[in-house]
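Quick notes on the structure that follows.
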Amino acid sequence: MAAFDLDGTLLNSNHEISPENCEALQQLTANDILVVLVSGRMHRSIKPISDKIGLKNPIISYNGGMVKHAITDEVYHHTPVPAEYATAIVNDCTNQNLHLNYCLNDELYVVKKNDWSELYEVRTGVPANPIGELQQLDGETPTKLLIIHQAEELTSLLEYFKSKYRDKLYVTQTQPEYIEFMNPDVTKGNALIALSDRFNIPIDSVVAFGDSYNDESLLKTAGYGIAMENAVPPIKDCADYITTTNDDNGVAKAIWNLIL
């Protein structure tokens, strides 16, 4: 099995998959290697990329919060955010005037459309549903919550939320502007283990590619971890190999040089 993060890894800076990367993944499939896309994105945002490649496999979405088949829509695994913490984060964001994406049933809800919701839509292709007040969703268990904010202020915000929800939620930075909140049992690595067990694939026979902080569990869990040249330092530190950047077809180069 080969697992691929999307943004910053398989996709270039325009959030597109190059013909070279697409062909390399198709060749893996042709050689009976199970190709799995793994991302913090919503499932519905990953599926068009999966379809473009021609994959007919499960997709790991929401940083591991959901594992769902691209064709049959069978849900293998779903671990949402508990309702009480979802409500608390909504209130936090309301009080601090922070933009929050609320992901429920693979739909995206926001207070109102703004520059941040437009940025997310451009990057992922998922339209936001403005509903006025997110408090009307109290009691629901979203798959993921996502704050989008100025990158220069994200470090202090991340420290605040990590401290507040320590041991209660998985809080991570996935893009320069993103802070994501998930169930504490959710990681890409845990989802990878669940899939390897489901398909009876030894975890030592799994290779994984990543670039950002939320890919650490993915690379550490897989038998062989490959970081992009553009990866953050902790990901490079835990990788077995560093390939070229996502804008230089680093995924394809590593596939041809190391796997095929």
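By order in the structure tokens, chains are A, B, ...; within a chain, residues start at 1; ligands start at 1, following the order shown.
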
Contacts of segment 111-118 of chain A within 6 Å, only C-alpha atoms, excl. fewer than 6 positions in-chain, as a PDB file with all heavy atoms, in the first residue's frame:
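File written: out15.pdb
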ATOM      1  N   PRO A 130     -23.481  29.306   4.229  1.00  0.00           N
ATOM      2  CA  PRO A 130     -23.604  30.304   5.300  1.00  0.00           C
ATOM      3  C   PRO A 130     -24.941  30.159   6.021  1.00  0.00           C
ATOM      4  O   PRO A 130     -25.997  30.191   5.396  1.00  0.00           O
ATOM      5  CB  PRO A 130     -23.513  31.634   4.546  1.00  0.00           C
ATOM      6  CG  PRO A 130     -24.004  31.324   3.164  1.00  0.00           C
ATOM      7  CD  PRO A 130     -23.652  29.893   2.887  1.00  0.00           C
ATOM      8  N   ILE A 131     -24.890  29.989   7.348  1.00  0.00           N
ATOM      9  CA  ILE A 131     -26.136  29.760   8.089  1.00  0.00           C
ATOM     10  C   ILE A 131     -26.359  30.777   9.203  1.00  0.00           C
ATOM     11  O   ILE A 131     -27.264  30.626  10.021  1.00  0.00           O
ATOM     12  CB  ILE A 131     -26.171  28.340   8.677  1.00  0.00           C
ATOM     13  CG1 ILE A 131     -25.012  28.091   9.648  1.00  0.00           C
ATOM     14  CG2 ILE A 131     -26.167  27.302   7.558  1.00  0.00           C
ATOM     15  CD1 ILE A 131     -25.129  26.761  10.398  1.00  0.00           C
ATOM     16  N   GLY A 132     -25.550  31.846   9.246  1.00  0.00           N
ATOM     17  CA  GLY A 132     -25.779  32.896  10.232  1.00  0.00           C
ATOM     18  C   GLY A 132     -25.098  32.621  11.553  1.00  0.00           C
ATOM     19  O   GLY A 132     -24.089  33.235  11.873  1.00  0.00           O
ATOM     20  N   GLU A 133     -25.625  31.707  12.344  1.00  0.00           N
ATOM     21  CA  GLU A 133     -25.020  31.356  13.628  1.00  0.00           C
ATOM     22  C   GLU A 133     -24.769  29.854  13.681  1.00  0.00           C
ATOM     23  O   GLU A 133     -25.683  29.058  13.461  1.00  0.00           O
ATOM     24  CB  GLU A 133     -25.924  31.770  14.792  1.00  0.00           C
ATOM     25  CG  GLU A 133     -26.065  33.281  14.963  1.00  0.00           C
ATOM     26  CD  GLU A 133     -26.884  33.628  16.196  1.00  0.00           C
ATOM     27  OE1 GLU A 133     -27.448  32.697  16.820  1.00  0.00           O
ATOM     28  OE2 GLU A 133     -26.953  34.820  16.536  1.00  0.00           O
TER      29      GLU A 133
END

Within 12 Å of Lys162 of chain A using only C-alpha atoms, minus same-chain residues under 2 positions, as a PDB file with N, CA, C and O atoms, in the first residue's frame:
ATOM      1  N   ILE A  89     -15.889  25.162  20.968  1.00  0.00           N
ATOM      2  CA  ILE A  89     -15.065  25.801  19.934  1.00  0.00           C
ATOM      3  C   ILE A  89     -15.874  26.836  19.159  1.00  0.00           C
ATOM      4  O   ILE A  89     -15.376  27.921  18.839  1.00  0.00           O
ATOM      5  N   LEU A 154      -1.079  32.752  13.891  1.00  0.00           N
ATOM      6  CA  LEU A 154      -1.530  31.381  14.126  1.00  0.00           C
ATOM      7  C   LEU A 154      -0.776  30.694  15.262  1.00  0.00           C
ATOM      8  O   LEU A 154      -1.364  29.882  15.982  1.00  0.00           O
ATOM      9  N   THR A 155       0.494  31.022  15.441  1.00  0.00           N
ATOM     10  CA  THR A 155       1.276  30.352  16.481  1.00  0.00           C
ATOM     11  C   THR A 155       0.666  30.551  17.852  1.00  0.00           C
ATOM     12  O   THR A 155       0.491  29.590  18.619  1.00  0.00           O
ATOM     13  N   SER A 156       0.313  31.788  18.186  1.00  0.00           N
ATOM     14  CA  SER A 156      -0.267  32.061  19.501  1.00  0.00           C
ATOM     15  C   SER A 156      -1.645  31.432  19.633  1.00  0.00           C
ATOM     16  O   SER A 156      -2.005  30.906  20.705  1.00  0.00           O
ATOM     17  N   LEU A 157      -2.427  31.451  18.564  1.00  0.00           N
ATOM     18  CA  LEU A 157      -3.745  30.821  18.598  1.00  0.00           C
ATOM     19  C   LEU A 157      -3.626  29.315  18.789  1.00  0.00           C
ATOM     20  O   LEU A 157      -4.381  28.706  19.554  1.00  0.00           O
ATOM     21  N   LEU A 158      -2.663  28.710  18.094  1.00  0.00           N
ATOM     22  CA  LEU A 158      -2.465  27.271  18.195  1.00  0.00           C
ATOM     23  C   LEU A 158      -2.087  26.882  19.627  1.00  0.00           C
ATOM     24  O   LEU A 158      -2.605  25.902  20.176  1.00  0.00           O
ATOM     25  N   GLU A 159      -1.202  27.655  20.238  1.00  0.00           N
ATOM     26  CA  GLU A 159      -0.799  27.382  21.623  1.00  0.00           C
ATOM     27  C   GLU A 159      -1.998  27.494  22.560  1.00  0.00           C
ATOM     28  O   GLU A 159      -2.165  26.666  23.471  1.00  0.00           O
ATOM     29  N   TYR A 160      -2.832  28.503  22.336  1.00  0.00           N
ATOM     30  CA  TYR A 160      -4.022  28.708  23.175  1.00  0.00           C
ATOM     31  C   TYR A 160      -4.964  27.509  23.092  1.00  0.00           C
ATOM     32  O   TYR A 160      -5.388  26.956  24.113  1.00  0.00           O
ATOM     33  N   LYS A 164      -5.933  24.639  25.874  1.00  0.00           N
ATOM     34  CA  LYS A 164      -7.317  24.568  26.364  1.00  0.00           C
ATOM     35  C   LYS A 164      -7.911  23.176  26.171  1.00  0.00           C
ATOM     36  O   LYS A 164      -8.655  22.692  27.031  1.00  0.00           O
ATOM     37  N   TYR A 165      -7.594  22.533  25.036  1.00  0.00           N
ATOM     38  CA  TYR A 165      -8.213  21.241  24.721  1.00  0.00           C
ATOM     39  C   TYR A 165      -7.223  20.084  24.823  1.00  0.00           C
ATOM     40  O   TYR A 165      -7.420  19.043  24.208  1.00  0.00           O
ATOM     41  N   ARG A 166      -6.200  20.271  25.628  1.00  0.00           N
ATOM     42  CA  ARG A 166      -5.214  19.216  25.840  1.00  0.00           C
ATOM     43  C   ARG A 166      -5.895  17.939  26.344  1.00  0.00           C
ATOM     44  O   ARG A 166      -6.729  17.982  27.245  1.00  0.00           O
ATOM     45  N   ASP A 167      -5.569  16.822  25.717  1.00  0.00           N
ATOM     46  CA  ASP A 167      -6.125  15.510  26.060  1.00  0.00           C
ATOM     47  C   ASP A 167      -7.611  15.374  25.744  1.00  0.00           C
ATOM     48  O   ASP A 167      -8.211  14.320  26.007  1.00  0.00           O
ATOM     49  N   LYS A 168      -8.205  16.420  25.214  1.00  0.00           N
ATOM     50  CA  LYS A 168      -9.636  16.372  24.870  1.00  0.00           C
ATOM     51  C   LYS A 168      -9.859  16.300  23.357  1.00  0.00           C
ATOM     52  O   LYS A 168     -10.804  15.667  22.891  1.00  0.00           O
ATOM     53  N   LEU A 169      -8.982  16.983  22.608  1.00  0.00           N
ATOM     54  CA  LEU A 169      -9.103  17.020  21.160  1.00  0.00           C
ATOM     55  C   LEU A 169      -7.724  16.935  20.524  1.00  0.00           C
ATOM     56  O   LEU A 169      -6.713  17.279  21.151  1.00  0.00           O
ATOM     57  N   TYR A 170      -7.689  16.501  19.285  1.00  0.00           N
ATOM     58  CA  TYR A 170      -6.472  16.554  18.478  1.00  0.00           C
ATOM     59  C   TYR A 170      -6.480  17.905  17.768  1.00  0.00           C
ATOM     60  O   TYR A 170      -7.337  18.175  16.933  1.00  0.00           O
ATOM     61  N   VAL A 171      -5.543  18.772  18.143  1.00  0.00           N
ATOM     62  CA  VAL A 171      -5.445  20.117  17.575  1.00  0.00           C
ATOM     63  C   VAL A 171      -4.135  20.212  16.810  1.00  0.00           C
ATOM     64  O   VAL A 171      -3.064  19.944  17.365  1.00  0.00           O
ATOM     65  N   THR A 172      -4.208  20.587  15.536  1.00  0.00           N
ATOM     66  CA  THR A 172      -2.997  20.607  14.718  1.00  0.00           C
ATOM     67  C   THR A 172      -3.058  21.705  13.668  1.00  0.00           C
ATOM     68  O   THR A 172      -4.146  22.164  13.294  1.00  0.00           O
ATOM     69  N   GLN A 173      -1.901  22.121  13.212  1.00  0.00           N
ATOM     70  CA  GLN A 173      -1.796  23.071  12.102  1.00  0.00           C
ATOM     71  C   GLN A 173      -1.522  22.277  10.831  1.00  0.00           C
ATOM     72  O   GLN A 173      -0.606  21.466  10.786  1.00  0.00           O
ATOM     73  N   ILE A 179      -5.956  25.931  11.588  1.00  0.00           N
ATOM     74  CA  ILE A 179      -5.914  25.150  12.818  1.00  0.00           C
ATOM     75  C   ILE A 179      -7.097  24.192  12.770  1.00  0.00           C
ATOM     76  O   ILE A 179      -8.240  24.622  12.603  1.00  0.00           O
ATOM     77  N   GLU A 180      -6.832  22.901  12.912  1.00  0.00           N
ATOM     78  CA  GLU A 180      -7.889  21.903  12.803  1.00  0.00           C
ATOM     79  C   GLU A 180      -8.117  21.206  14.142  1.00  0.00           C
ATOM     80  O   GLU A 180      -7.186  20.966  14.901  1.00  0.00           O
ATOM     81  N   PHE A 181      -9.383  20.890  14.400  1.00  0.00           N
ATOM     82  CA  PHE A 181      -9.800  20.219  15.633  1.00  0.00           C
ATOM     83  C   PHE A 181     -10.494  18.917  15.269  1.00  0.00           C
ATOM     84  O   PHE A 181     -11.445  18.907  14.487  1.00  0.00           O
ATOM     85  N   MET A 182     -10.031  17.815  15.881  1.00  0.00           N
ATOM     86  CA  MET A 182     -10.629  16.513  15.631  1.00  0.00           C
ATOM     87  C   MET A 182     -10.706  15.707  16.925  1.00  0.00           C
ATOM     88  O   MET A 182     -10.136  16.108  17.939  1.00  0.00           O
ATOM     89  N   PRO A 184      -9.723  13.147  19.649  1.00  0.00           N
ATOM     90  CA  PRO A 184      -8.336  12.836  20.049  1.00  0.00           C
ATOM     91  C   PRO A 184      -7.823  11.500  19.528  1.00  0.00           C
ATOM     92  O   PRO A 184      -6.614  11.276  19.492  1.00  0.00           O
TER      93      PRO A 184
END

**Residues of segment 98-243 of chain A in strand (DSSP E), written as a VMD selection string** = chain A and resid 99 to 104 107 to 110 129 to 130 144 to 148 170 to 175 178 to 182 207 to 210 224 to 227 241 to 242

Counting only C-alpha atoms, closest pick from A:Gly223, A:Arg44, A:Leu119, A:Met1 relative to Asn31 of chain A is A:Met1

Can you check which parts of segment 89-198 of chain A lie within 12 Å of segment 5-13 of chain A? Per residue, the shortest pair of atoms and distance in Å to one decimal, counting only C-alpha atoms, sorted by chain and number, as a tab-separated table.
residue	atom	partner	partner_atom	distance
A:Arg123	CA	A:Asp7	CA	9.0
A:Thr124	CA	A:Asp7	CA	9.6
A:Thr174	CA	A:Asp7	CA	9.2
A:Gln175	CA	A:Asp7	CA	8.7
A:Pro176	CA	A:Gly8	CA	11.3
A:Lys188	CA	A:Asp5	CA	9.4
A:Gly189	CA	A:Asp5	CA	11.7
A:Leu192	CA	A:Asp5	CA	11.8

Item to check | segment 50-62 of chain A surroundings by only C-alpha atoms, 8 Å radius, close-in-sequence under 4 positions cut, as a list in words | outcome: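 Selected residues are Cys22, Glu23, Leu25, Gln26, Leu34, Val35, Val36, Leu37, Val38, Ser39, Gly40, Arg41, Met42, His43, Ile46, Met66, Val67, Lys68, His69, Ala70, Ile71, Thr143, Lys144, Lys188, Ala191 and Leu192 of chain A.
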
At a cut-off of 10 Å, using only C-alpha atoms, what residues contact Phe209 of chain A? Leave out same-chain residues fewer than 5 positions from it and give the result as a ChimeraX atom specification.
/A:2-6,9-10,37-38,215-216,218-219,222,224-228,235,239,241-243,250-251,254
